[in-house]
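Pasting coords.cif here (mmCIF, C-alpha atoms and all ligand atoms):
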data_protein
#
loop_
_atom_site.group_PDB
_atom_site.id
_atom_site.type_symbol
_atom_site.label_atom_id
_atom_site.label_comp_id
_atom_site.auth_asym_id
_atom_site.auth_seq_id
_atom_site.Cartn_x
_atom_site.Cartn_y
_atom_site.Cartn_z
ATOM 1 C CA MET A 1 -33.160 -14.722 10.438
ATOM 2 C CA LYS A 2 -33.726 -12.359 13.365
ATOM 3 C CA PRO A 3 -30.974 -12.412 15.972
ATOM 4 C CA SER A 4 -32.033 -13.445 19.463
ATOM 5 C CA GLU A 5 -31.906 -10.944 22.336
ATOM 6 C CA HIS A 6 -29.204 -13.152 23.845
ATOM 7 C CA VAL A 7 -26.866 -12.670 20.867
ATOM 8 C CA GLN A 8 -27.645 -8.973 20.541
ATOM 9 C CA ASN A 9 -26.749 -8.393 24.175
ATOM 10 C CA LEU A 10 -23.403 -10.169 24.040
ATOM 11 C CA LYS A 11 -20.335 -8.017 24.476
ATOM 12 C CA ILE A 12 -17.925 -8.697 21.635
ATOM 13 C CA GLY A 13 -14.259 -7.740 21.801
ATOM 14 C CA PHE A 14 -11.631 -7.710 19.042
ATOM 15 C CA ILE A 15 -7.928 -7.702 19.941
ATOM 16 C CA GLY A 16 -6.300 -6.096 16.872
ATOM 17 C CA ALA A 17 -8.198 -3.533 14.824
ATOM 18 C CA GLY A 18 -6.778 -4.454 11.392
ATOM 19 C CA ASN A 19 -8.249 -5.480 8.062
ATOM 20 C CA LEU A 20 -9.971 -8.667 9.161
ATOM 21 C CA THR A 21 -11.489 -7.175 12.322
ATOM 22 C CA GLN A 22 -12.910 -4.345 10.242
ATOM 23 C CA ALA A 23 -14.424 -6.769 7.709
ATOM 24 C CA VAL A 24 -15.938 -8.924 10.469
ATOM 25 C CA MET A 25 -17.307 -5.913 12.382
ATOM 26 C CA ARG A 26 -18.830 -4.587 9.158
ATOM 27 C CA ALA A 27 -20.697 -7.876 8.617
ATOM 28 C CA PHE A 28 -21.839 -8.188 12.257
ATOM 29 C CA ILE A 29 -23.061 -4.613 12.600
ATOM 30 C CA ASP A 30 -24.645 -4.260 9.132
ATOM 31 C CA SER A 31 -26.578 -7.501 9.610
ATOM 32 C CA GLY A 32 -28.113 -6.168 12.831
ATOM 33 C CA TYR A 33 -26.826 -9.202 14.730
ATOM 34 C CA VAL A 34 -24.501 -7.155 16.837
ATOM 35 C CA ARG A 35 -25.143 -3.752 18.358
ATOM 36 C CA ARG A 36 -22.221 -1.405 17.806
ATOM 37 C CA GLU A 37 -22.425 -0.229 21.438
ATOM 38 C CA ASN A 38 -21.620 -3.826 22.460
ATOM 39 C CA VAL A 39 -18.403 -3.928 20.420
ATOM 40 C CA LEU A 40 -15.056 -3.192 22.010
ATOM 41 C CA ILE A 41 -11.720 -3.086 20.165
ATOM 42 C CA SER A 42 -8.073 -2.804 21.173
ATOM 43 C CA ASN A 43 -4.968 -2.241 19.081
ATOM 44 C CA ARG A 44 -1.201 -1.917 19.492
ATOM 45 C CA ASN A 45 -1.034 1.381 17.638
ATOM 46 C CA GLU A 46 -3.222 3.899 19.475
ATOM 47 C CA LYS A 47 -3.802 6.221 16.499
ATOM 48 C CA LYS A 48 -5.228 3.345 14.480
ATOM 49 C CA LEU A 49 -7.369 2.309 17.442
ATOM 50 C CA GLU A 50 -8.829 5.789 17.648
ATOM 51 C CA ARG A 51 -9.447 5.981 13.893
ATOM 52 C CA VAL A 52 -11.119 2.572 13.616
ATOM 53 C CA SER A 53 -13.259 3.086 16.718
ATOM 54 C CA GLN A 54 -14.439 6.403 15.283
ATOM 55 C CA ASP A 55 -15.071 4.972 11.797
ATOM 56 C CA PHE A 56 -17.176 2.128 13.202
ATOM 57 C CA GLN A 57 -18.520 4.040 16.203
ATOM 58 C CA VAL A 58 -17.495 1.248 18.543
ATOM 59 C CA ARG A 59 -15.765 1.520 21.918
ATOM 60 C CA ALA A 60 -11.986 1.431 22.294
ATOM 61 C CA ALA A 61 -10.321 -0.434 25.179
ATOM 62 C CA LYS A 62 -7.146 1.051 26.647
ATOM 63 C CA THR A 63 -5.576 -2.380 27.175
ATOM 64 C CA ASN A 64 -6.153 -5.940 26.012
ATOM 65 C CA GLU A 65 -6.878 -6.952 29.633
ATOM 66 C CA GLN A 66 -9.591 -4.308 29.860
ATOM 67 C CA LEU A 67 -11.096 -5.632 26.637
ATOM 68 C CA ILE A 68 -11.135 -9.214 27.932
ATOM 69 C CA GLU A 69 -12.709 -8.163 31.246
ATOM 70 C CA ASN A 70 -15.519 -6.407 29.412
ATOM 71 C CA SER A 71 -16.274 -8.996 26.706
ATOM 72 C CA ASP A 72 -18.244 -12.259 26.520
ATOM 73 C CA ILE A 73 -16.651 -13.203 23.205
ATOM 74 C CA VAL A 74 -13.057 -12.282 22.399
ATOM 75 C CA PHE A 75 -11.798 -12.390 18.813
ATOM 76 C CA ILE A 76 -8.011 -12.532 18.545
ATOM 77 C CA ALA A 77 -7.212 -10.817 15.247
ATOM 78 C CA VAL A 78 -3.485 -10.105 15.345
ATOM 79 C CA LYS A 79 -1.014 -11.406 12.758
ATOM 80 C CA PRO A 80 0.184 -14.977 13.451
ATOM 81 C CA GLN A 81 3.744 -13.737 14.128
ATOM 82 C CA ASP A 82 2.363 -11.396 16.876
ATOM 83 C CA PHE A 83 0.021 -13.991 18.359
ATOM 84 C CA TYR A 84 2.127 -15.503 21.174
ATOM 85 C CA GLN A 85 3.689 -12.210 22.198
ATOM 86 C CA CYS A 86 0.216 -10.692 22.390
ATOM 87 C CA ILE A 87 -1.570 -13.510 24.243
ATOM 88 C CA GLU A 88 1.048 -14.946 26.637
ATOM 89 C CA PRO A 89 1.088 -11.932 29.002
ATOM 90 C CA ILE A 90 -2.728 -11.719 29.150
ATOM 91 C CA ALA A 91 -3.696 -15.418 29.073
ATOM 92 C CA GLN A 92 -4.693 -15.351 32.775
ATOM 93 C CA ALA A 93 -7.310 -12.673 32.091
ATOM 94 C CA PHE A 94 -9.539 -15.201 30.308
ATOM 95 C CA ASN A 95 -11.988 -17.223 32.383
ATOM 96 C CA GLU A 96 -14.196 -20.249 31.762
ATOM 97 C CA ASP A 97 -17.181 -18.145 30.647
ATOM 98 C CA HIS A 98 -15.340 -16.469 27.781
ATOM 99 C CA ILE A 99 -15.737 -17.687 24.225
ATOM 100 C CA VAL A 100 -12.321 -17.181 22.631
ATOM 101 C CA ILE A 101 -12.109 -17.041 18.844
ATOM 102 C CA SER A 102 -8.744 -17.118 17.123
ATOM 103 C CA LEU A 103 -8.659 -15.753 13.592
ATOM 104 C CA ALA A 104 -4.936 -16.352 13.157
ATOM 105 C CA ALA A 105 -3.867 -18.411 10.157
ATOM 106 C CA GLY A 106 -1.404 -21.241 10.834
ATOM 107 C CA ILE A 107 -2.057 -21.538 14.593
ATOM 108 C CA SER A 108 -3.919 -24.715 15.508
ATOM 109 C CA LEU A 109 -6.886 -24.942 17.831
ATOM 110 C CA GLN A 110 -4.767 -27.129 20.109
ATOM 111 C CA SER A 111 -2.036 -24.468 20.348
ATOM 112 C CA VAL A 112 -4.590 -21.810 21.304
ATOM 113 C CA GLN A 113 -6.057 -24.145 23.935
ATOM 114 C CA LYS A 114 -2.585 -24.740 25.393
ATOM 115 C CA LEU A 115 -1.909 -21.028 25.514
ATOM 116 C CA ILE A 116 -5.229 -20.211 27.215
ATOM 117 C CA PRO A 117 -5.906 -23.142 29.576
ATOM 118 C CA SER A 118 -8.302 -21.109 31.746
ATOM 119 C CA SER A 119 -10.813 -20.913 28.916
ATOM 120 C CA PRO A 120 -12.297 -24.191 27.636
ATOM 121 C CA LYS A 121 -14.519 -22.577 24.986
ATOM 122 C CA ILE A 122 -12.167 -21.976 22.079
ATOM 123 C CA LEU A 123 -12.748 -21.718 18.341
ATOM 124 C CA ARG A 124 -10.478 -21.326 15.395
ATOM 125 C CA VAL A 125 -12.311 -19.392 12.689
ATOM 126 C CA MET A 126 -11.016 -18.719 9.196
ATOM 127 C CA PRO A 127 -12.978 -16.018 7.359
ATOM 128 C CA THR A 128 -11.694 -13.702 4.631
ATOM 129 C CA THR A 129 -12.085 -9.981 4.095
ATOM 130 C CA ALA A 130 -14.970 -10.883 1.713
ATOM 131 C CA ALA A 131 -16.899 -10.975 5.024
ATOM 132 C CA LYS A 132 -17.544 -7.247 4.581
ATOM 133 C CA ILE A 133 -19.724 -8.025 1.532
ATOM 134 C CA LYS A 134 -21.172 -11.209 3.120
ATOM 135 C CA LYS A 135 -19.373 -13.399 0.566
ATOM 136 C CA SER A 136 -16.756 -15.066 2.730
ATOM 137 C CA VAL A 137 -16.422 -18.775 3.355
ATOM 138 C CA ILE A 138 -16.017 -19.161 7.112
ATOM 139 C CA ALA A 139 -14.378 -22.435 8.114
ATOM 140 C CA PHE A 140 -14.484 -23.030 11.844
ATOM 141 C CA ALA A 141 -13.192 -25.661 14.269
ATOM 142 C CA PHE A 142 -14.119 -25.735 17.952
ATOM 143 C CA SER A 143 -13.305 -27.338 21.293
ATOM 144 C CA PRO A 144 -15.929 -29.711 22.806
ATOM 145 C CA ALA A 145 -17.064 -27.119 25.398
ATOM 146 C CA VAL A 146 -18.304 -24.864 22.580
ATOM 147 C CA ARG A 147 -20.881 -27.390 21.309
ATOM 148 C CA PRO A 148 -23.949 -26.054 23.248
ATOM 149 C CA ASN A 149 -23.298 -22.609 21.746
ATOM 150 C CA LEU A 150 -22.929 -23.811 18.157
ATOM 151 C CA PRO A 151 -26.429 -22.916 16.848
ATOM 152 C CA TRP A 152 -26.163 -19.219 17.612
ATOM 153 C CA LEU A 153 -22.431 -19.036 16.812
ATOM 154 C CA THR A 154 -23.098 -20.538 13.365
ATOM 155 C CA GLU A 155 -25.830 -17.941 12.838
ATOM 156 C CA LEU A 156 -23.450 -15.187 13.875
ATOM 157 C CA PHE A 157 -20.724 -16.424 11.503
ATOM 158 C CA SER A 158 -23.297 -16.719 8.704
ATOM 159 C CA THR A 159 -23.629 -12.923 8.721
ATOM 160 C CA MET A 160 -20.227 -13.040 6.932
ATOM 161 C CA GLY A 161 -21.205 -15.624 4.311
ATOM 162 C CA LEU A 162 -21.097 -19.416 4.213
ATOM 163 C CA ALA A 163 -20.159 -20.880 7.613
ATOM 164 C CA VAL A 164 -18.759 -24.425 7.456
ATOM 165 C CA PRO A 165 -17.737 -26.447 10.557
ATOM 166 C CA VAL A 166 -14.575 -28.506 9.925
ATOM 167 C CA GLU A 167 -12.073 -30.627 11.808
ATOM 168 C CA ASP A 168 -8.926 -28.678 12.597
ATOM 169 C CA GLY A 169 -5.842 -29.946 10.760
ATOM 170 C CA GLU A 170 -5.847 -31.124 7.166
ATOM 171 C CA THR A 171 -9.422 -30.150 6.365
ATOM 172 C CA MET A 172 -9.007 -26.672 7.827
ATOM 173 C CA ARG A 173 -5.812 -26.327 5.781
ATOM 174 C CA ALA A 174 -7.594 -27.405 2.596
ATOM 175 C CA MET A 175 -10.330 -24.840 3.272
ATOM 176 C CA LEU A 176 -7.742 -22.146 3.904
ATOM 177 C CA VAL A 177 -6.067 -22.888 0.573
ATOM 178 C CA ALA A 178 -9.238 -23.265 -1.490
ATOM 179 C CA ALA A 179 -11.411 -20.555 0.038
ATOM 180 C CA SER A 180 -9.015 -17.961 1.448
ATOM 181 C CA SER A 181 -5.901 -18.189 -0.730
ATOM 182 C CA GLY A 182 -8.427 -19.280 -3.354
ATOM 183 C CA ILE A 183 -9.544 -15.687 -3.839
ATOM 184 C CA GLY A 184 -5.955 -14.769 -4.736
ATOM 185 C CA PHE A 185 -5.726 -17.742 -7.113
ATOM 186 C CA VAL A 186 -8.919 -16.702 -8.900
ATOM 187 C CA TYR A 187 -7.485 -13.162 -9.262
ATOM 188 C CA GLU A 188 -4.449 -14.718 -10.949
ATOM 189 C CA LEU A 189 -6.735 -16.332 -13.538
ATOM 190 C CA MET A 190 -8.630 -13.073 -13.931
ATOM 191 C CA MET A 191 -5.373 -11.327 -14.761
ATOM 192 C CA TYR A 192 -4.746 -13.777 -17.630
ATOM 193 C CA TRP A 193 -8.283 -13.205 -18.946
ATOM 194 C CA SER A 194 -7.870 -9.437 -18.874
ATOM 195 C CA GLU A 195 -4.420 -9.480 -20.453
ATOM 196 C CA TRP A 196 -5.635 -11.701 -23.289
ATOM 197 C CA LEU A 197 -8.462 -9.275 -24.052
ATOM 198 C CA GLU A 198 -6.036 -6.334 -23.961
ATOM 199 C CA GLU A 199 -3.766 -8.137 -26.416
ATOM 200 C CA HIS A 200 -6.803 -8.207 -28.711
ATOM 201 C CA ASP A 201 -7.362 -4.449 -28.618
ATOM 202 C CA VAL A 202 -9.828 -4.220 -25.767
ATOM 203 C CA ASP A 203 -9.003 -1.218 -23.570
ATOM 204 C CA PRO A 204 -7.870 -2.120 -20.016
ATOM 205 C CA GLN A 205 -10.998 -0.782 -18.285
ATOM 206 C CA THR A 206 -13.348 -2.709 -20.560
ATOM 207 C CA ALA A 207 -11.136 -5.804 -20.326
ATOM 208 C CA ARG A 208 -11.440 -5.636 -16.533
ATOM 209 C CA LYS A 209 -15.223 -5.248 -16.721
ATOM 210 C CA ILE A 210 -15.589 -8.173 -19.142
ATOM 211 C CA THR A 211 -13.388 -10.378 -16.971
ATOM 212 C CA VAL A 212 -15.322 -9.570 -13.788
ATOM 213 C CA GLN A 213 -18.631 -10.125 -15.574
ATOM 214 C CA THR A 214 -17.491 -13.495 -16.959
ATOM 215 C CA PHE A 215 -16.340 -14.829 -13.574
ATOM 216 C CA ALA A 216 -19.449 -13.399 -11.898
ATOM 217 C CA ALA A 217 -21.688 -15.026 -14.542
ATOM 218 C CA ALA A 218 -20.105 -18.461 -14.044
ATOM 219 C CA ALA A 219 -20.489 -18.187 -10.257
ATOM 220 C CA ALA A 220 -24.020 -16.769 -10.440
ATOM 221 C CA MET A 221 -25.233 -19.504 -12.799
ATOM 222 C CA ALA A 222 -23.732 -22.187 -10.562
ATOM 223 C CA GLU A 223 -25.454 -20.525 -7.603
ATOM 224 C CA HIS A 224 -28.753 -20.318 -9.498
ATOM 225 C CA ASP A 225 -28.733 -23.976 -10.641
ATOM 226 C CA ARG A 226 -27.456 -25.232 -7.314
ATOM 227 C CA ASP A 227 -28.681 -28.801 -7.836
ATOM 228 C CA THR A 228 -26.673 -29.173 -11.048
ATOM 229 C CA SER A 229 -23.080 -30.374 -10.752
ATOM 230 C CA ILE A 230 -20.342 -28.082 -12.060
ATOM 231 C CA ASP A 231 -19.337 -30.530 -14.812
ATOM 232 C CA GLU A 232 -22.978 -30.755 -15.961
ATOM 233 C CA LEU A 233 -23.112 -26.938 -16.104
ATOM 234 C CA GLN A 234 -19.928 -27.013 -18.164
ATOM 235 C CA ARG A 235 -21.406 -29.560 -20.598
ATOM 236 C CA LYS A 236 -24.386 -27.229 -21.050
ATOM 237 C CA VAL A 237 -22.161 -24.366 -22.258
ATOM 238 C CA ALA A 238 -19.861 -26.478 -24.469
ATOM 239 C CA SER A 239 -21.497 -27.964 -27.539
ATOM 240 C CA GLN A 240 -19.682 -30.932 -29.088
ATOM 241 C CA LYS A 241 -16.819 -29.946 -31.402
ATOM 242 C CA GLY A 242 -17.649 -26.282 -30.783
ATOM 243 C CA VAL A 243 -15.415 -23.379 -29.771
ATOM 244 C CA THR A 244 -15.660 -23.936 -25.985
ATOM 245 C CA ALA A 245 -15.113 -27.698 -26.341
ATOM 246 C CA SER A 246 -11.966 -27.067 -28.372
ATOM 247 C CA GLY A 247 -10.550 -24.717 -25.704
ATOM 248 C CA LEU A 248 -11.433 -27.179 -22.949
ATOM 249 C CA GLU A 249 -9.729 -30.032 -24.761
ATOM 250 C CA SER A 250 -6.574 -27.971 -24.947
ATOM 251 C CA MET A 251 -6.801 -27.041 -21.240
ATOM 252 C CA ARG A 252 -6.925 -30.764 -20.420
ATOM 253 C CA GLU A 253 -4.064 -31.633 -22.746
ATOM 254 C CA LEU A 254 -1.987 -28.922 -21.075
ATOM 255 C CA GLU A 255 -2.868 -30.415 -17.680
ATOM 256 C CA ILE A 256 -4.133 -27.205 -16.108
ATOM 257 C CA GLU A 257 -5.645 -29.300 -13.303
ATOM 258 C CA ARG A 258 -2.235 -30.787 -12.469
ATOM 259 C CA ALA A 259 -0.639 -27.332 -12.390
ATOM 260 C CA LEU A 260 -3.356 -26.020 -10.076
ATOM 261 C CA ARG A 261 -3.184 -29.096 -7.856
ATOM 262 C CA ILE A 262 0.575 -28.623 -7.413
ATOM 263 C CA SER A 263 0.028 -24.947 -6.549
ATOM 264 C CA PHE A 264 -2.652 -25.868 -3.981
ATOM 265 C CA GLU A 265 -0.329 -28.470 -2.414
ATOM 266 C CA LYS A 266 2.520 -25.938 -2.256
ATOM 267 C CA ALA A 267 0.257 -23.426 -0.496
ATOM 268 C CA ALA A 268 -0.884 -26.119 1.977
ATOM 269 C CA MET A 269 2.745 -27.051 2.694
ATOM 270 C CA ARG A 270 3.576 -23.398 3.324
ATOM 271 C CA ASP A 271 0.731 -23.179 5.834
ATOM 272 C CA GLN A 272 2.083 -26.266 7.584
ATOM 273 C CA GLU A 273 5.610 -24.797 7.633
ATOM 274 C CA LEU A 274 4.358 -21.491 9.041
ATOM 275 C CA GLY A 275 2.428 -23.386 11.719
ATOM 276 C CA LYS A 276 5.654 -25.190 12.765
ATOM 277 C CA LEU A 277 7.651 -21.947 12.783
ATOM 278 C CA LEU A 278 5.054 -20.352 15.041
ATOM 279 C CA GLY A 279 5.363 -23.295 17.444
HETATM 280 N N1 LIG A 301 -6.834 -10.419 6.010
HETATM 281 C C1 LIG A 301 -7.341 -11.593 5.663
HETATM 282 O O1 LIG A 301 -7.908 -11.789 4.577
HETATM 283 C C2 LIG A 301 -7.256 -12.768 6.608
HETATM 284 C C3 LIG A 301 -7.882 -13.971 6.255
HETATM 285 C C4 LIG A 301 -7.860 -15.049 7.158
HETATM 286 C C5 LIG A 301 -7.207 -14.914 8.369
HETATM 287 N N2 LIG A 301 -6.587 -13.748 8.674
HETATM 288 C C6 LIG A 301 -5.916 -13.668 9.977
HETATM 289 O O2 LIG A 301 -6.436 -12.573 10.704
HETATM 290 C C7 LIG A 301 -5.445 -12.024 11.535
HETATM 291 C C8 LIG A 301 -5.410 -10.531 11.323
HETATM 292 O O3 LIG A 301 -5.068 -10.268 9.960
HETATM 293 P P1 LIG A 301 -5.241 -8.809 9.347
HETATM 294 O O4 LIG A 301 -5.124 -8.961 7.873
HETATM 295 O O5 LIG A 301 -6.451 -8.142 9.932
HETATM 296 O O6 LIG A 301 -3.906 -8.115 9.945
HETATM 297 P P2 LIG A 301 -3.645 -6.559 10.220
HETATM 298 O O7 LIG A 301 -4.440 -5.718 9.309
HETATM 299 O O8 LIG A 301 -2.172 -6.397 10.280
HETATM 300 O O9 LIG A 301 -4.234 -6.383 11.704
HETATM 301 C C9 LIG A 301 -3.630 -6.878 12.847
HETATM 302 C C10 LIG A 301 -3.766 -5.829 13.926
HETATM 303 O O10 LIG A 301 -3.337 -6.375 15.167
HETATM 304 C C11 LIG A 301 -2.746 -5.340 15.901
HETATM 305 N N3 LIG A 301 -1.894 -5.881 16.957
HETATM 306 C C12 LIG A 301 -0.694 -6.521 16.856
HETATM 307 N N4 LIG A 301 -0.258 -6.875 18.089
HETATM 308 C C13 LIG A 301 -1.180 -6.459 18.979
HETATM 309 C C14 LIG A 301 -1.312 -6.532 20.394
HETATM 310 N N5 LIG A 301 -0.367 -7.108 21.151
HETATM 311 N N6 LIG A 301 -2.398 -5.994 20.973
HETATM 312 C C15 LIG A 301 -3.367 -5.408 20.226
HETATM 313 N N7 LIG A 301 -3.307 -5.307 18.878
HETATM 314 C C16 LIG A 301 -2.237 -5.826 18.265
HETATM 315 C C17 LIG A 301 -1.953 -4.568 14.862
HETATM 316 O O11 LIG A 301 -1.681 -3.280 15.359
HETATM 317 P P3 LIG A 301 -0.732 -2.208 14.601
HETATM 318 O O12 LIG A 301 -1.674 -1.148 14.135
HETATM 319 O O13 LIG A 301 0.217 -1.745 15.645
HETATM 320 O O14 LIG A 301 -0.034 -2.946 13.491
HETATM 321 C C18 LIG A 301 -2.920 -4.580 13.673
HETATM 322 O O15 LIG A 301 -3.775 -3.462 13.664
HETATM 323 C C19 LIG A 301 -4.136 -12.727 11.164
HETATM 324 O O16 LIG A 301 -3.805 -13.665 12.148
HETATM 325 C C20 LIG A 301 -4.426 -13.419 9.847
HETATM 326 O O17 LIG A 301 -3.750 -14.654 9.762
HETATM 327 C C21 LIG A 301 -6.613 -12.666 7.835
#
Turn this file's structure into structure tokens for me.
Amino acid sequence: MKPSEHVQNLKIGFIGAGNLTQAVMRAFIDSGYVRRENVLISNRNEKKLERVSQDFQVRAAKTNEQLIENSDIVFIAVKPQDFYQCIEPIAQAFNEDHIVISLAAGISLQSVQKLIPSSPKILRVMPTTAAKIKKSVIAFAFSPAVRPNLPWLTELFSTMGLAVPVEDGETMRAMLVAASSGIGFVYELMMYWSEWLEEHDVDPQTARKITVQTFAAAAAMAEHDRDTSIDELQRKVASQKGVTASGLESMRELEIERALRISFEKAAMRDQELGKLLG
């Protein structure tokens, strides 16, 4: 879809020029939704600020206040442990016209609203660095004042992948675990695949390629046959009493699902704990 003039003319600021900001900027600029001359970044470490602004050919703000003054949308992309220290001294710089987007994991929408009372339009957005290849899941929760802006904001987020509105709280946490930590969990499985191949005399490079291709094939087929449920797709590749069926039976006997479920719950609890620690 073609971006509207309105979106293209918006001034977009990023406080924190780290990994996630770079992935998000990459998606916004490459998609043509955002003009690089409308992007402003700030960062604690000046050398990094200079390097990233040169790499992306975007403008660098000397201070966070200057960035806020010159932006319509402000992304806050500092680590959760730096969040309060970063925002408290500049909270008054936000006004009611700003759209404020927190990318910080573990900090609730409500906490951001409390911290920035002058700005009613607040979102909590949870993308991953897969945004840079347009493959991220982007879960987002928003305050009521954001609602009129949702159509174009959803379009903007969709430049990073699949944008999904969710309630903040448990659902956001489940999305964080499944879709963000989820990438790490899938890598864990990929490591087992690769190691098993290596144990059977496949060289490491080829084992890696085979593993990537196998995971990519499963995902691509599920994407291709999008109206077919995952268990139906599985039935199609596992003939009765065949090799795949035998492996699957063993996976169920060994309760792989239970093990994964426990790991997901542990990750969700850790997110909750971190949220409490951060206040
Ligand atoms: N990476 C991911 O996949 C991912 C996924 C979902 C959510 N997130 C969230 O995204 C946020 C950023 O993560 P990240 O991976 O991009 O972290 P990162 O690479 O460490 O980037 C954070 C940046 O913020 C800068 N910063 C810290 N305090 C600042 C301040 N007061 N003013 C201006 N800049 C400041 C840091 O500057 P220095 O150069 O001085 O360190 C650093 O460059 C986190 O809250 C994280 O929870 C990340």
Q) Which chains and residue numbers are within 8 Å of ligand LIG 301 (chain A), counting only C-alpha atoms and all ligand atoms, if I want them as a PyMOL selection string? A) chain A and resi 15-22+42-46+48-49+63-64+76-83+85-87+102-106+126-130+176+180
**Q.** Residues near Gln113 in chain A, cut-off 9 Å, all atoms listed in the file, skip fewer than 6 positions along chain, as a ChimeraX atom specification
**A.** /A:119-122,143
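Proximity of A:Ala61, A:Pro148, A:Ile107, A:Thr159 to Gly32 in chain A, computed with only C-alpha atoms, is greatest for A:Thr159.
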Q: Tell me, in Å to one decimal, how far CA of Ile73 in chain A is from CA of Val166 in chain A.
A: 20.4 Å
Taking the file above as input, evaluate the PyMOL selection byres (((chain A and resi 144-147) around 12) and not hetatm) and report the hits as a PDB file with C-alpha atoms, in the coordinates of the input.
ATOM      1  CA  ILE A  73     -16.651 -13.203  23.205  1.00  0.00           C
ATOM      2  CA  GLU A  96     -14.196 -20.249  31.762  1.00  0.00           C
ATOM      3  CA  ASP A  97     -17.181 -18.145  30.647  1.00  0.00           C
ATOM      4  CA  HIS A  98     -15.340 -16.469  27.781  1.00  0.00           C
ATOM      5  CA  ILE A  99     -15.737 -17.687  24.225  1.00  0.00           C
ATOM      6  CA  VAL A 100     -12.321 -17.181  22.631  1.00  0.00           C
ATOM      7  CA  ILE A 101     -12.109 -17.041  18.844  1.00  0.00           C
ATOM      8  CA  LEU A 109      -6.886 -24.942  17.831  1.00  0.00           C
ATOM      9  CA  GLN A 110      -4.767 -27.129  20.109  1.00  0.00           C
ATOM     10  CA  GLN A 113      -6.057 -24.145  23.935  1.00  0.00           C
ATOM     11  CA  SER A 119     -10.813 -20.913  28.916  1.00  0.00           C
ATOM     12  CA  PRO A 120     -12.297 -24.191  27.636  1.00  0.00           C
ATOM     13  CA  LYS A 121     -14.519 -22.577  24.986  1.00  0.00           C
ATOM     14  CA  ILE A 122     -12.167 -21.976  22.079  1.00  0.00           C
ATOM     15  CA  LEU A 123     -12.748 -21.718  18.341  1.00  0.00           C
ATOM     16  CA  ARG A 124     -10.478 -21.326  15.395  1.00  0.00           C
ATOM     17  CA  PHE A 140     -14.484 -23.030  11.844  1.00  0.00           C
ATOM     18  CA  ALA A 141     -13.192 -25.661  14.269  1.00  0.00           C
ATOM     19  CA  PHE A 142     -14.119 -25.735  17.952  1.00  0.00           C
ATOM     20  CA  SER A 143     -13.305 -27.338  21.293  1.00  0.00           C
ATOM     21  CA  PRO A 148     -23.949 -26.054  23.248  1.00  0.00           C
ATOM     22  CA  ASN A 149     -23.298 -22.609  21.746  1.00  0.00           C
ATOM     23  CA  LEU A 150     -22.929 -23.811  18.157  1.00  0.00           C
ATOM     24  CA  PRO A 151     -26.429 -22.916  16.848  1.00  0.00           C
ATOM     25  CA  TRP A 152     -26.163 -19.219  17.612  1.00  0.00           C
ATOM     26  CA  LEU A 153     -22.431 -19.036  16.812  1.00  0.00           C
ATOM     27  CA  THR A 154     -23.098 -20.538  13.365  1.00  0.00           C
ATOM     28  CA  PRO A 165     -17.737 -26.447  10.557  1.00  0.00           C
ATOM     29  CA  GLU A 167     -12.073 -30.627  11.808  1.00  0.00           C
TER      30      GLU A 167
END
